[in-house]
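> Dropping a structure here in structure tokens format, bear with me for questions.
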Amino acid sequence: MPTGTCTSDAALDVRAITKRYGRVTALSDVSFSVRPGEVLGLIGPNGSGKTTLFECLGGVLPLDGGGVYRDHRPLEGSERATSLFYLPDGICPWPEQTVRWALEFAEGFFGGPEGRREEVIRQLDLEPLLDSTIGSLSKGERKRTLLAIGLLTPQPVLLADEPFDGLDLRQTREVAATLKGHAARGRTLCLSIHQIADAARICDRFVLLSGGRVRGEGTLAELSALAAGRGLSAGRDDLEEVFLALT
Amino acid sequence: MRSRRNAFRWLVGKEWRELLASRSFWIMLVLAGPLVGMSFISAVQTYAEASGLGGTSAGVGEAFSPLIGVWAPTFSACELVAAFLLPFVCIRLVAGDRHNGALKLELQHAMPTFPRVGAKAIVLMGGWLAVLAAPFAAILLWKSYGGTLYAPELAAITVGHLLNAGLTVALAAAMASLGEHPSTAAILTLSVTVGTWIVNFAAAVHGGVWETVAGYTPTAMVAEFQHGLIRLSVVLVALALIVAGLGAAAVWMRLGIPIVRRVNQSIAIALVAAVVVFVCTYARGSWDTSESRGNSFAEADEEALRQIRTPLHIEAHLAPEDPRRSDLERQALSKLRRVMPDVTVEYVSATSIGLFEQTSAHYGEIWYDLGGRKTMSRVTSGEGVLETIFELAGVKPPVESEENIFRGHPLAVPPRGAAAVFYGIWPVTILAGGFFVRRRHS
């Protein structure tokens with residue numbers, strides 16, 4: 001698939017998103033599509049604009065250009081809020097409240113499907129943390145709690161910024177399996193990941209972001225072909241090599 | 001089975017938990033007790049001494065209004081709490097979400113931002129009711145001493161302090177949304193509070209338009225309520241400012257909206273608020289809820305004044321800082337404006353203190369113009385002003401009924417047990433409550 005195409009059967013179409021901080025252009029004409037039920041990896045080095053892009057998509061940062069579309073219609077305000085949920089990285093929400101309360105609140109406030117909480121708690125091994133305050137959790141524990149909050153929300157598309165940050169190898173694999181399981185049940189996941197090995201483990205397709213621009217979009221095979229088409233040498237099944245070749 | 005509460009109720013519940021989890025709230029509650037207690041004990045002591053406690057000679061009955069003698073100073077402590085402690089509690093609740101990232105999550109609900117701010121305001125006002133428990137404890141103590149209570153004036157003073165807290169909450173919420181950091185919000189909030197004091201100072205020195213504006217500052221507003229006076233214009237202006245402040249907070253809470261658009265929306269809110277406030281200042285209704293009718297002339301005098309339909313213009317040659325001017329304003333003109341619909345007052349002076357105008361031929365003169373008939377007087381007392389107006393209007397001064405005179409409620413009882421309640425029981429109870437609640441929620 002060519003870079004930056006938009007499809008009518010996409011869960012979301014991201015079109016020509018541009019974001020500037022003063023004279024610095026953080027995102028330039030970023031376009032890609034998110035397909036229903038897939039796990040899409042947004043891959044890029046630190047400072048490539050992944051978080052900025054997610055904040056723009058999540059509606060917590062104003063855009064300077066472009067937008068998010070579904071069925072060729074722009075998603076604005078409440079429609080966007082009911083379509084996608086953005087899970088930021090590095091936050092510590094409601095630090096004096098317990099994990100138990102935070103999950104209950106996320107489920108109740110956002111109106112998530114009933115009965116999912118117990119399952120998510122089990123999948124992310126949160127049972128021992130339920131009575132701990134969020135502010136007292138370690139980085140990894142907090143990340144799992146945040147992921148649980150994200151998984152409890154009802155929006156069909158979940159954008160998670162660095163979902164594996166702070167997790168050890170075992171936890172990363174378990175969380176990846178959990179996310180895959182939710183995607184298999186129809187939830188569309190868009191994950192921003194700077195560890196390419198983690199991305200390769202879980203994602204169905206990839207968007208390569210570097211310097212605020214999309215350098216490639218597609219499956220590993222499609223990206224390898226793209227690199228080859230540009231005369232760049234990269235290992236066929238090695239995402240790291242493909243990434244380095246295209247960025 | 002999970003209860004299907006709506007999102008707003010979830011948000012209110014969340015804000016309430018956040019308030020109970022904040023140390024600043026409990027510190028405010030703890031401090032409210034001793035502050036109110038100190039004012040109450042001092043006021044009751046003075047009231048008792050003036051009533052003849054300890055062998056002193058009792059004062060005149062009219063002076064013994066619990067509203068002025070006890071409740072105004074007691075509730076004044078709440079004004080201090082509202083000015084210096086409540087903003088920090090509010091900023092913690094509003095800016096905290098932004099600071100720890102919770103706002104980014106919550107904003108992804110389709111709920112508009114005004115109800116979000118509204119949920120915070122509701123909870124903060126609930127917290128303020130807990131602060132008002134301190135003066136209400138004082139009321140119970142006063143009742144136990146055998147003191148009299150007059151519900152309408154207590155209701156008025158409570159409403160005044162609720163409105164004052166509402167203004168503080170709205171202002172602090174706006175600043176907390178506007179500022180990137182809670183400390184910036186705190187500085188901005190206190191700057192506005194200090195700004196209103198400057199307006200009051202300018203009013204005292206320069207008079208004129210400053211005096212009009214100062215009539216709507218929180219300090220002046222609370223002072224009126226503490227005297228049992230409820231002016232519709234003041235209530236409406238306060239409500240308009242509260243809505244405007246919360247509106248501005250809602251605008252700046254929307255992180256995903258471009259700054260320029262938020263600035264434009266804020267300007268629009270400010271303009272609409274200015275127009276609404278201006279219109280509200282023309283609302284004429286007012287109610288004197290004080291038992292002593294301290295903000296009104298005698299009923300018979302008021303009835304006679306209402307019969308005078310001709311426009312009355314008063315020109316007072318008194319400087320803003322001249323004590324006679326404040327006497328005239330407090331004892332006569334403020335009462336006159338409430339009764340006569342068509343009265344205009346103009347102050348004339350060349351200086352602010354008037355000290356060097358005393359030798360001027362016309363200084364101190366108060367000219368009355370009633371439909372072209374003019375007279376001059378130098379009297380600034382309520383009785384003197386009434387006499388002049390009745391004479392000018394050709395109305396026979398009514399005879400005041402002896403029954404209607406407020407005799408006062410002397411009470412020569414020391415503030416027994418108040419120190420134990422406010423300096424001991426209150427702080428210990430609040431601290432224990434805070435410890436228990438925070439522990440239960442965490």
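By order in the structure tokens, chains are A, B, ...; within a chain, residues start at 1; ligands start at 1, following the order shown.
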Which parts of stretch 187-399 of chain B does DSSP call strand (DSSP E) when run on the backbone here, written out as a PyMOL selection string?

chain B and resi 229-231+286-288+312-316+343-347+366-370+373-377

> Show me, as a ChimeraX atom specification, every residue of chain A with an atom at most 10 Å from chain B, counting only C-alpha atoms.

/A:55-64,77-102,104-111,114-115,131-135,146,149-150,153,155

> At a cut-off of 12 Å, using only C-alpha atoms, what residues contact B:Ala419? Leave out same-chain residues fewer than 4 positions from it and give the result as number ranges by chain.

B: 33-42, 44-45, 137-138, 141, 414-415, 423-427

> Emit the selected residues as a short mmCIF file (atom, residue, chain, number, x, y, z; two decimals), in the first residue's frame, including N, CA and C atoms.


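Saved file out.cif follows:
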data_model
loop_
_atom_site.label_atom_id
_atom_site.label_comp_id
_atom_site.auth_asym_id
_atom_site.auth_seq_id
_atom_site.Cartn_x
_atom_site.Cartn_y
_atom_site.Cartn_z
N GLY B 33 -12.03 26.99 62.06
CA GLY B 33 -12.56 26.93 63.43
C GLY B 33 -11.94 27.99 64.34
N PRO B 34 -10.62 27.96 64.54
CA PRO B 34 -10.00 28.97 65.41
C PRO B 34 -10.22 30.41 64.93
N LEU B 35 -10.22 30.61 63.59
CA LEU B 35 -10.44 31.98 63.09
C LEU B 35 -11.84 32.48 63.45
N VAL B 36 -12.83 31.65 63.19
CA VAL B 36 -14.21 32.01 63.54
C VAL B 36 -14.33 32.14 65.05
N GLY B 37 -13.71 31.19 65.76
CA GLY B 37 -13.79 31.20 67.22
C GLY B 37 -13.23 32.47 67.82
N MET B 38 -12.07 32.89 67.30
CA MET B 38 -11.44 34.11 67.82
C MET B 38 -12.38 35.32 67.64
N SER B 39 -12.98 35.41 66.46
CA SER B 39 -13.89 36.53 66.19
C SER B 39 -15.12 36.45 67.09
N PHE B 40 -15.66 35.24 67.21
CA PHE B 40 -16.88 35.05 68.00
C PHE B 40 -16.63 35.37 69.48
N ILE B 41 -15.54 34.83 70.01
CA ILE B 41 -15.24 35.04 71.44
C ILE B 41 -15.06 36.53 71.72
N SER B 42 -14.30 37.18 70.85
CA SER B 42 -14.05 38.61 71.03
C SER B 42 -15.35 39.41 70.93
N VAL B 44 -18.51 38.33 71.39
CA VAL B 44 -19.42 38.04 72.51
C VAL B 44 -18.95 38.73 73.78
N GLN B 45 -17.63 38.73 73.97
CA GLN B 45 -17.05 39.39 75.15
C GLN B 45 -17.39 40.88 75.15
N ALA B 137 -21.72 26.65 64.39
CA ALA B 137 -21.43 26.17 65.74
C ALA B 137 -21.51 27.36 66.71
N ALA B 138 -21.04 28.51 66.24
CA ALA B 138 -21.12 29.73 67.06
C ALA B 138 -22.58 30.10 67.33
N LEU B 141 -23.84 27.96 70.05
CA LEU B 141 -23.31 28.42 71.34
C LEU B 141 -24.07 29.63 71.83
N PRO B 414 -20.64 35.80 79.32
CA PRO B 414 -19.33 35.59 78.68
C PRO B 414 -19.39 34.39 77.73
N PRO B 415 -18.46 34.31 76.78
CA PRO B 415 -18.49 33.21 75.79
C PRO B 415 -18.03 31.88 76.40
N TYR B 423 -11.03 26.07 69.69
CA TYR B 423 -9.58 25.84 69.73
C TYR B 423 -9.22 24.39 70.04
N GLY B 424 -10.20 23.63 70.53
CA GLY B 424 -9.90 22.24 70.89
C GLY B 424 -10.72 21.24 70.10
N ILE B 425 -12.03 21.25 70.35
CA ILE B 425 -12.90 20.22 69.75
C ILE B 425 -12.90 20.31 68.22
N TRP B 426 -13.02 21.53 67.70
CA TRP B 426 -13.09 21.71 66.24
C TRP B 426 -11.83 21.17 65.55
N PRO B 427 -10.64 21.67 65.91
CA PRO B 427 -9.45 21.16 65.18
C PRO B 427 -9.25 19.65 65.33
#

> Based on the backbone DSSP call, show me all residues of stretch 85-120 of chain B assigned alpha helix (DSSP H), as a VMD selection string.

chain B and resid 86 to 100 102 to 106 113 to 120

> Of the candidates A:Leu103, A:Val68, A:Ala160, A:Leu209, which one gets nearest to A:Leu12 if we count only C-alpha atoms?

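Among the listed residues, A:Val68 lies closest to A:Leu12.
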
> Pick out the residues sitting within 9 Å of stretch 365-374 of chain B, and hand them over as a list in words; count only C-alpha atoms, and ignore anything fewer than 6 positions along from it in its own chain.

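Final neighbour list, sorted by chain and number: Thr310, Pro311, Leu312, His313, Ile314, Glu315, Ala316, His317, Leu318, Thr380, Thr388, Ile389, Leu392 and Ala393 of chain B.
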
> Applying 10 Å and only C-alpha atoms, which residues near A:Ile17 remain after dropping the ones on its own chain fewer than 2 positions away? List them as a ChimeraX atom specification.

/A:14-15,19,27-32,53,56-57,63-68,212-213

> Keeping C-alpha atoms, export the residues of the selection given above as a compact mmCIF listing (two decimals), in the first residue's frame.


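Heads up, here's the output in out.txt:
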# COMPACT_ATOMS: atom_id res chain seq x y z
CA VAL A 14 -5.73 10.79 9.32
CA ARG A 15 -5.28 13.45 6.67
CA LYS A 19 1.36 20.97 13.94
CA LEU A 27 4.23 17.39 12.27
CA SER A 28 4.14 18.03 8.57
CA ASP A 29 1.31 16.79 6.37
CA VAL A 30 0.92 13.50 8.25
CA SER A 31 -1.55 11.12 6.61
CA PHE A 32 -2.34 7.46 7.17
CA LEU A 53 0.42 13.32 16.70
CA CYS A 56 -3.66 16.08 18.12
CA LEU A 57 -5.70 13.00 17.25
CA LEU A 63 -4.07 21.23 15.10
CA ASP A 64 -2.63 23.72 12.65
CA GLY A 65 -3.89 21.79 9.64
CA GLY A 66 -5.52 18.58 8.53
CA GLY A 67 -7.93 16.42 10.47
CA VAL A 68 -9.32 13.03 11.35
CA GLY A 212 7.40 14.89 11.87
CA ARG A 213 6.75 13.18 8.53

> Let me make sure I understand: among B:Cys280, B:Ala176, B:Ala77, B:Ile27, which one has the smallest atom-to-atom distance to B:Ser233 if we use only C-alpha atoms?

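Ranking B:Cys280, B:Ala176, B:Ala77, B:Ile27 by distance to B:Ser233, first place goes to B:Cys280.
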
> State, in Å with one decimal place, the distance from atom CA of A:Leu189 to atom CA of A:Leu40.

6.1 Å

> Closest to B:Leu188 among B:Ala121, B:Thr344, B:Thr113, B:Phe88, using only C-alpha atoms?

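Looking at the shortest contact to B:Leu188, the residue is B:Phe88.
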
> What does the structure give for the distance between atom CA of A:Val242 and atom CA of A:Leu223, in Å to one decimal?

6.8 Å
